[in-house]
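Next comes target_33.tsv, with TSV, N, CA and C atoms.
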chain	number	residue	atom	x	y	z
A	1	MET	N	-54.25	16.25	3.56
A	1	MET	CA	-54.35	15.35	2.44
A	1	MET	C	-55.76	15.46	1.87
A	2	SER	N	-55.86	15.56	0.55
A	2	SER	CA	-57.18	15.62	-0.07
A	2	SER	C	-57.76	14.22	-0.17
A	3	GLU	N	-59.05	14.18	-0.20
A	3	GLU	CA	-59.74	12.88	-0.26
A	3	GLU	C	-59.56	12.24	-1.63
A	4	ALA	N	-59.08	11.02	-1.63
A	4	ALA	CA	-58.96	10.26	-2.87
A	4	ALA	C	-60.34	9.74	-3.24
A	5	PRO	N	-60.68	9.72	-4.53
A	5	PRO	CA	-61.99	9.18	-4.91
A	5	PRO	C	-62.04	7.67	-4.65
A	6	LEU	N	-63.13	7.21	-4.08
A	6	LEU	CA	-63.33	5.79	-3.83
A	6	LEU	C	-64.47	5.30	-4.70
A	7	SER	N	-64.39	4.05	-5.11
A	7	SER	CA	-65.51	3.44	-5.82
A	7	SER	C	-66.64	3.22	-4.82
A	8	GLU	N	-67.83	2.98	-5.33
A	8	GLU	CA	-68.96	2.68	-4.43
A	8	GLU	C	-68.65	1.44	-3.58
A	9	ARG	N	-68.03	0.45	-4.19
A	9	ARG	CA	-67.68	-0.78	-3.46
A	9	ARG	C	-66.68	-0.48	-2.35
A	10	GLN	N	-65.64	0.31	-2.63
A	10	GLN	CA	-64.66	0.65	-1.61
A	10	GLN	C	-65.31	1.42	-0.47
A	11	ALA	N	-66.19	2.36	-0.80
A	11	ALA	CA	-66.88	3.13	0.23
A	11	ALA	C	-67.75	2.20	1.08
A	12	GLY	N	-68.40	1.23	0.44
A	12	GLY	CA	-69.21	0.27	1.18
A	12	GLY	C	-68.37	-0.59	2.09
A	13	ILE	N	-67.23	-1.05	1.61
A	13	ILE	CA	-66.34	-1.87	2.44
A	13	ILE	C	-65.84	-1.05	3.62
A	14	LEU	N	-65.51	0.20	3.38
A	14	LEU	CA	-65.07	1.08	4.46
A	14	LEU	C	-66.15	1.19	5.53
A	15	ALA	N	-67.40	1.30	5.13
A	15	ALA	CA	-68.52	1.37	6.08
A	15	ALA	C	-68.65	0.07	6.86
A	16	VAL	N	-68.45	-1.06	6.20
A	16	VAL	CA	-68.53	-2.35	6.87
A	16	VAL	C	-67.40	-2.48	7.90
A	17	VAL	N	-66.20	-2.06	7.53
A	17	VAL	CA	-65.06	-2.10	8.47
A	17	VAL	C	-65.37	-1.23	9.68
A	18	ALA	N	-65.91	-0.05	9.45
A	18	ALA	CA	-66.26	0.85	10.56
A	18	ALA	C	-67.29	0.20	11.48
A	19	GLU	N	-68.26	-0.47	10.89
A	19	GLU	CA	-69.30	-1.14	11.68
A	19	GLU	C	-68.69	-2.21	12.58
A	20	GLY	N	-67.68	-2.90	12.09
A	20	GLY	CA	-67.02	-3.95	12.87
A	20	GLY	C	-66.20	-3.43	14.02
A	21	GLY	N	-65.86	-2.15	14.02
A	21	GLY	CA	-65.15	-1.55	15.13
A	21	GLY	C	-63.82	-2.20	15.48
A	22	GLY	N	-63.15	-2.77	14.49
A	22	GLY	CA	-61.86	-3.40	14.73
A	22	GLY	C	-61.93	-4.84	15.17
A	23	ASP	N	-63.14	-5.36	15.34
A	23	ASP	CA	-63.31	-6.74	15.80
A	23	ASP	C	-63.55	-7.73	14.67
A	24	TRP	N	-63.81	-7.26	13.46
A	24	TRP	CA	-64.14	-8.17	12.36
A	24	TRP	C	-62.90	-8.52	11.56
A	25	ASP	N	-62.78	-9.80	11.22
A	25	ASP	CA	-61.69	-10.22	10.35
A	25	ASP	C	-62.13	-10.08	8.90
A	26	ALA	N	-61.19	-10.33	7.99
A	26	ALA	CA	-61.47	-10.14	6.56
A	26	ALA	C	-62.62	-11.02	6.08
A	27	ARG	N	-62.73	-12.22	6.61
A	27	ARG	CA	-63.81	-13.12	6.18
A	27	ARG	C	-65.18	-12.52	6.53
A	28	ARG	N	-65.33	-12.02	7.74
A	28	ARG	CA	-66.62	-11.43	8.14
A	28	ARG	C	-66.91	-10.17	7.33
A	29	ILE	N	-65.88	-9.37	7.09
A	29	ILE	CA	-66.05	-8.16	6.27
A	29	ILE	C	-66.49	-8.54	4.86
A	30	ASP	N	-65.86	-9.58	4.31
A	30	ASP	CA	-66.20	-10.05	2.97
A	30	ASP	C	-67.66	-10.50	2.90
A	31	LEU	N	-68.10	-11.28	3.88
A	31	LEU	CA	-69.48	-11.76	3.89
A	31	LEU	C	-70.48	-10.60	3.99
A	32	ALA	N	-70.19	-9.65	4.88
A	32	ALA	CA	-71.10	-8.51	5.06
A	32	ALA	C	-71.13	-7.63	3.81
A	33	ALA	N	-69.96	-7.36	3.23
A	33	ALA	CA	-69.91	-6.51	2.03
A	33	ALA	C	-70.62	-7.18	0.86
A	34	ASP	N	-70.40	-8.47	0.67
A	34	ASP	CA	-71.06	-9.18	-0.42
A	34	ASP	C	-72.57	-9.20	-0.25
A	35	ALA	N	-73.03	-9.37	0.99
A	35	ALA	CA	-74.47	-9.39	1.26
A	35	ALA	C	-75.10	-8.03	0.97
A	36	ARG	N	-74.40	-6.95	1.24
A	36	ARG	CA	-74.96	-5.61	1.07
A	36	ARG	C	-74.76	-5.04	-0.32
A	37	TYR	N	-73.59	-5.32	-0.91
A	37	TYR	CA	-73.23	-4.64	-2.16
A	37	TYR	C	-72.99	-5.59	-3.32
A	38	GLY	N	-73.23	-6.86	-3.12
A	38	GLY	CA	-72.99	-7.85	-4.17
A	38	GLY	C	-71.54	-8.29	-4.16
A	39	PRO	N	-71.29	-9.42	-4.79
A	39	PRO	CA	-69.92	-9.94	-4.80
A	39	PRO	C	-68.95	-9.02	-5.53
A	40	GLY	N	-67.75	-8.95	-5.01
A	40	GLY	CA	-66.70	-8.17	-5.65
A	40	GLY	C	-65.98	-9.00	-6.70
A	41	PRO	N	-65.03	-8.39	-7.38
A	41	PRO	CA	-64.30	-9.10	-8.43
A	41	PRO	C	-63.34	-10.15	-7.90
A	42	GLY	N	-63.05	-10.14	-6.63
A	42	GLY	CA	-62.14	-11.10	-6.00
A	42	GLY	C	-62.41	-11.12	-4.52
A	43	THR	N	-61.42	-11.48	-3.76
A	43	THR	CA	-61.62	-11.47	-2.32
A	43	THR	C	-61.53	-10.04	-1.80
A	44	VAL	N	-62.16	-9.80	-0.69
A	44	VAL	CA	-62.16	-8.46	-0.11
A	44	VAL	C	-60.78	-8.09	0.41
A	45	LEU	N	-59.93	-9.07	0.64
A	45	LEU	CA	-58.60	-8.79	1.17
A	45	LEU	C	-57.81	-7.86	0.25
A	46	ARG	N	-57.92	-8.06	-1.04
A	46	ARG	CA	-57.23	-7.17	-1.99
A	46	ARG	C	-57.76	-5.74	-1.85
A	47	GLU	N	-59.06	-5.60	-1.71
A	47	GLU	CA	-59.66	-4.27	-1.57
A	47	GLU	C	-59.29	-3.64	-0.23
A	48	LEU	N	-59.21	-4.45	0.81
A	48	LEU	CA	-58.78	-3.93	2.11
A	48	LEU	C	-57.33	-3.43	2.03
A	49	GLU	N	-56.49	-4.15	1.32
A	49	GLU	CA	-55.10	-3.72	1.16
A	49	GLU	C	-55.02	-2.39	0.40
A	50	GLU	N	-55.87	-2.21	-0.60
A	50	GLU	CA	-55.90	-0.94	-1.33
A	50	GLU	C	-56.32	0.20	-0.40
A	51	LEU	N	-57.31	-0.05	0.44
A	51	LEU	CA	-57.75	0.96	1.41
A	51	LEU	C	-56.65	1.24	2.43
A	52	ARG	N	-55.88	0.21	2.79
A	52	ARG	CA	-54.76	0.39	3.72
A	52	ARG	C	-53.70	1.29	3.09
A	53	GLU	N	-53.41	1.08	1.81
A	53	GLU	CA	-52.43	1.90	1.12
A	53	GLU	C	-52.86	3.37	1.06
A	54	LEU	N	-54.16	3.61	1.07
A	54	LEU	CA	-54.69	4.98	1.09
A	54	LEU	C	-54.71	5.56	2.50
A	55	GLY	N	-54.36	4.74	3.50
A	55	GLY	CA	-54.34	5.20	4.89
A	55	GLY	C	-55.71	5.24	5.54
A	56	LEU	N	-56.68	4.49	4.98
A	56	LEU	CA	-58.05	4.55	5.49
A	56	LEU	C	-58.39	3.43	6.46
A	57	VAL	N	-57.64	2.34	6.41
A	57	VAL	CA	-57.83	1.22	7.34
A	57	VAL	C	-56.46	0.72	7.79
A	58	VAL	N	-56.45	0.05	8.94
A	58	VAL	CA	-55.25	-0.61	9.43
A	58	VAL	C	-55.59	-2.05	9.76
A	59	ARG	N	-54.57	-2.89	9.64
A	59	ARG	CA	-54.73	-4.33	9.89
A	59	ARG	C	-54.05	-4.69	11.19
A	60	ASP	N	-54.75	-5.47	12.00
A	60	ASP	CA	-54.23	-5.95	13.28
A	60	ASP	C	-54.05	-7.46	13.18
A	61	ASP	N	-52.81	-7.90	13.10
A	61	ASP	CA	-52.52	-9.33	13.02
A	61	ASP	C	-52.21	-9.93	14.39
A	62	SER	N	-52.33	-9.14	15.44
A	62	SER	CA	-52.00	-9.65	16.78
A	62	SER	C	-53.09	-10.56	17.34
A	63	ARG	N	-54.27	-10.51	16.74
A	63	ARG	CA	-55.37	-11.38	17.17
A	63	ARG	C	-55.71	-12.34	16.04
A	64	SER	N	-56.31	-13.45	16.39
A	64	SER	CA	-56.65	-14.44	15.37
A	64	SER	C	-57.79	-13.94	14.49
A	65	GLY	N	-57.86	-14.49	13.31
A	65	GLY	CA	-58.92	-14.15	12.36
A	65	GLY	C	-58.39	-14.24	10.96
A	66	ALA	N	-59.19	-14.73	10.07
A	66	ALA	CA	-58.78	-14.88	8.67
A	66	ALA	C	-58.49	-13.52	8.05
A	67	GLY	N	-57.28	-13.32	7.59
A	67	GLY	CA	-56.92	-12.06	6.94
A	67	GLY	C	-56.70	-10.91	7.89
A	68	GLY	N	-56.58	-11.17	9.18
A	68	GLY	CA	-56.37	-10.11	10.15
A	68	GLY	C	-57.65	-9.39	10.52
A	69	ARG	N	-57.57	-8.63	11.58
A	69	ARG	CA	-58.70	-7.78	12.01
A	69	ARG	C	-58.46	-6.39	11.45
A	70	TRP	N	-59.51	-5.73	11.06
A	70	TRP	CA	-59.39	-4.44	10.39
A	70	TRP	C	-60.20	-3.37	11.11
A	71	GLN	N	-59.65	-2.14	11.07
A	71	GLN	CA	-60.41	-1.00	11.60
A	71	GLN	C	-60.08	0.24	10.78
A	72	VAL	N	-61.00	1.18	10.80
A	72	VAL	CA	-60.80	2.42	10.05
A	72	VAL	C	-59.89	3.36	10.82
A	73	THR	N	-59.25	4.26	10.09
A	73	THR	CA	-58.41	5.28	10.69
A	73	THR	C	-59.19	6.59	10.75
A	74	ALA	N	-58.60	7.56	11.41
A	74	ALA	CA	-59.23	8.88	11.48
A	74	ALA	C	-59.38	9.50	10.09
A	75	ALA	N	-58.47	9.17	9.18
A	75	ALA	CA	-58.54	9.70	7.81
A	75	ALA	C	-59.77	9.22	7.06
A	76	ALA	N	-60.40	8.14	7.53
A	76	ALA	CA	-61.57	7.59	6.85
A	76	ALA	C	-62.87	8.31	7.22
A	77	ARG	N	-62.85	9.10	8.25
A	77	ARG	CA	-64.09	9.73	8.72
A	77	ARG	C	-64.86	10.50	7.65
A	78	PRO	N	-64.19	11.32	6.81
A	78	PRO	CA	-64.96	12.04	5.78
A	78	PRO	C	-65.69	11.12	4.81
A	79	TYR	N	-65.14	9.95	4.56
A	79	TYR	CA	-65.77	9.00	3.65
A	79	TYR	C	-66.98	8.30	4.28
A	80	LEU	N	-67.04	8.31	5.59
A	80	LEU	CA	-68.08	7.58	6.30
A	80	LEU	C	-69.30	8.43	6.63
A	81	GLU	N	-69.19	9.73	6.48
A	81	GLU	CA	-70.33	10.60	6.80
A	81	GLU	C	-71.55	10.19	5.99
A	82	GLY	N	-72.63	9.91	6.69
A	82	GLY	CA	-73.87	9.52	6.05
A	82	GLY	C	-73.95	8.04	5.71
A	83	ARG	N	-72.88	7.26	5.96
A	83	ARG	CA	-72.89	5.84	5.64
A	83	ARG	C	-73.03	4.98	6.88
A	84	VAL	N	-72.48	5.40	7.98
A	84	VAL	CA	-72.48	4.56	9.19
A	84	VAL	C	-73.43	5.15	10.21
Using structure tokens, write down the structure that the file contains.
Amino acid sequence: MSEAPLSERQAGILAVVAEGGGDWDARRIDLAADARYGPGPGTVLRELEELRELGLVVRDDSRSGAGGRWQVTAAARPYLEGRV
């Protein structure tokens, strides 16, 4: 699969998700992304869902946390080079 182009904000959110290592929920990801890259146009949950549709993140609803816990997939590695 070829790499889909990501916006700077999406790439930043992907880096934040990777930093969380699957332990951060959407609220914590939102706070970290906003602090680093400025506020997004809406909640980060919509952006996380877009990244999920691209196969770059997965959501774990088996543990508690606002908006589920998120982690990057192996497909996200090329996007993270030099960011994490």
Checklist entry - Near Leu51 (chain A), counting only C-alpha atoms, which residues have an atom at most 12 Å away, once you skip same-chain residues fewer than 3 positions from it, shown as a count of residues only? => result 30
Checklist entry - Skipping near chain neighbours, those fewer than 3 positions away, what residues fall within 7 Å of Ile29 (chain A) using all atoms listed in the file, listed as an MDAnalysis selection string? => result chainID A and resid 16:17 24:26 32:34 44
Checklist entry - So what do you get for atom C of Glu50 (chain A) versus CA of Pro78 (chain A), distance-wise? => result 15.9 Å
Next on the checklist: I need the residues of chain A that end up classed as strand (DSSP E or B) by DSSP on the backbone, written out as a PyMOL selection string.
Outcome noted: chain A and resi 25+57-60+69-72
Write out, as a PDB file, keeping the file's coordinate frame, the residues just selected, with N, CA and C atoms.
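Ended up saving to again.pdb:
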ATOM      1  N   ASP A  25     -62.780  -9.800  11.220  1.00  0.00           N
ATOM      2  CA  ASP A  25     -61.690 -10.220  10.350  1.00  0.00           C
ATOM      3  C   ASP A  25     -62.130 -10.080   8.900  1.00  0.00           C
ATOM      4  N   VAL A  57     -57.640   2.340   6.410  1.00  0.00           N
ATOM      5  CA  VAL A  57     -57.830   1.220   7.340  1.00  0.00           C
ATOM      6  C   VAL A  57     -56.460   0.720   7.790  1.00  0.00           C
ATOM      7  N   VAL A  58     -56.450   0.050   8.940  1.00  0.00           N
ATOM      8  CA  VAL A  58     -55.250  -0.610   9.430  1.00  0.00           C
ATOM      9  C   VAL A  58     -55.590  -2.050   9.760  1.00  0.00           C
ATOM     10  N   ARG A  59     -54.570  -2.890   9.640  1.00  0.00           N
ATOM     11  CA  ARG A  59     -54.730  -4.330   9.890  1.00  0.00           C
ATOM     12  C   ARG A  59     -54.050  -4.690  11.190  1.00  0.00           C
ATOM     13  N   ASP A  60     -54.750  -5.470  12.000  1.00  0.00           N
ATOM     14  CA  ASP A  60     -54.230  -5.950  13.280  1.00  0.00           C
ATOM     15  C   ASP A  60     -54.050  -7.460  13.180  1.00  0.00           C
ATOM     16  N   ARG A  69     -57.570  -8.630  11.580  1.00  0.00           N
ATOM     17  CA  ARG A  69     -58.700  -7.780  12.010  1.00  0.00           C
ATOM     18  C   ARG A  69     -58.460  -6.390  11.450  1.00  0.00           C
ATOM     19  N   TRP A  70     -59.510  -5.730  11.060  1.00  0.00           N
ATOM     20  CA  TRP A  70     -59.390  -4.440  10.390  1.00  0.00           C
ATOM     21  C   TRP A  70     -60.200  -3.370  11.110  1.00  0.00           C
ATOM     22  N   GLN A  71     -59.650  -2.140  11.070  1.00  0.00           N
ATOM     23  CA  GLN A  71     -60.410  -1.000  11.600  1.00  0.00           C
ATOM     24  C   GLN A  71     -60.080   0.240  10.780  1.00  0.00           C
ATOM     25  N   VAL A  72     -61.000   1.180  10.800  1.00  0.00           N
ATOM     26  CA  VAL A  72     -60.800   2.420  10.050  1.00  0.00           C
ATOM     27  C   VAL A  72     -59.890   3.360  10.820  1.00  0.00           C
TER      28      VAL A  72
END
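Interatomic distance, atom N of Ser62 (chain A) against CA of Leu31 (chain A): 20.8 Å.
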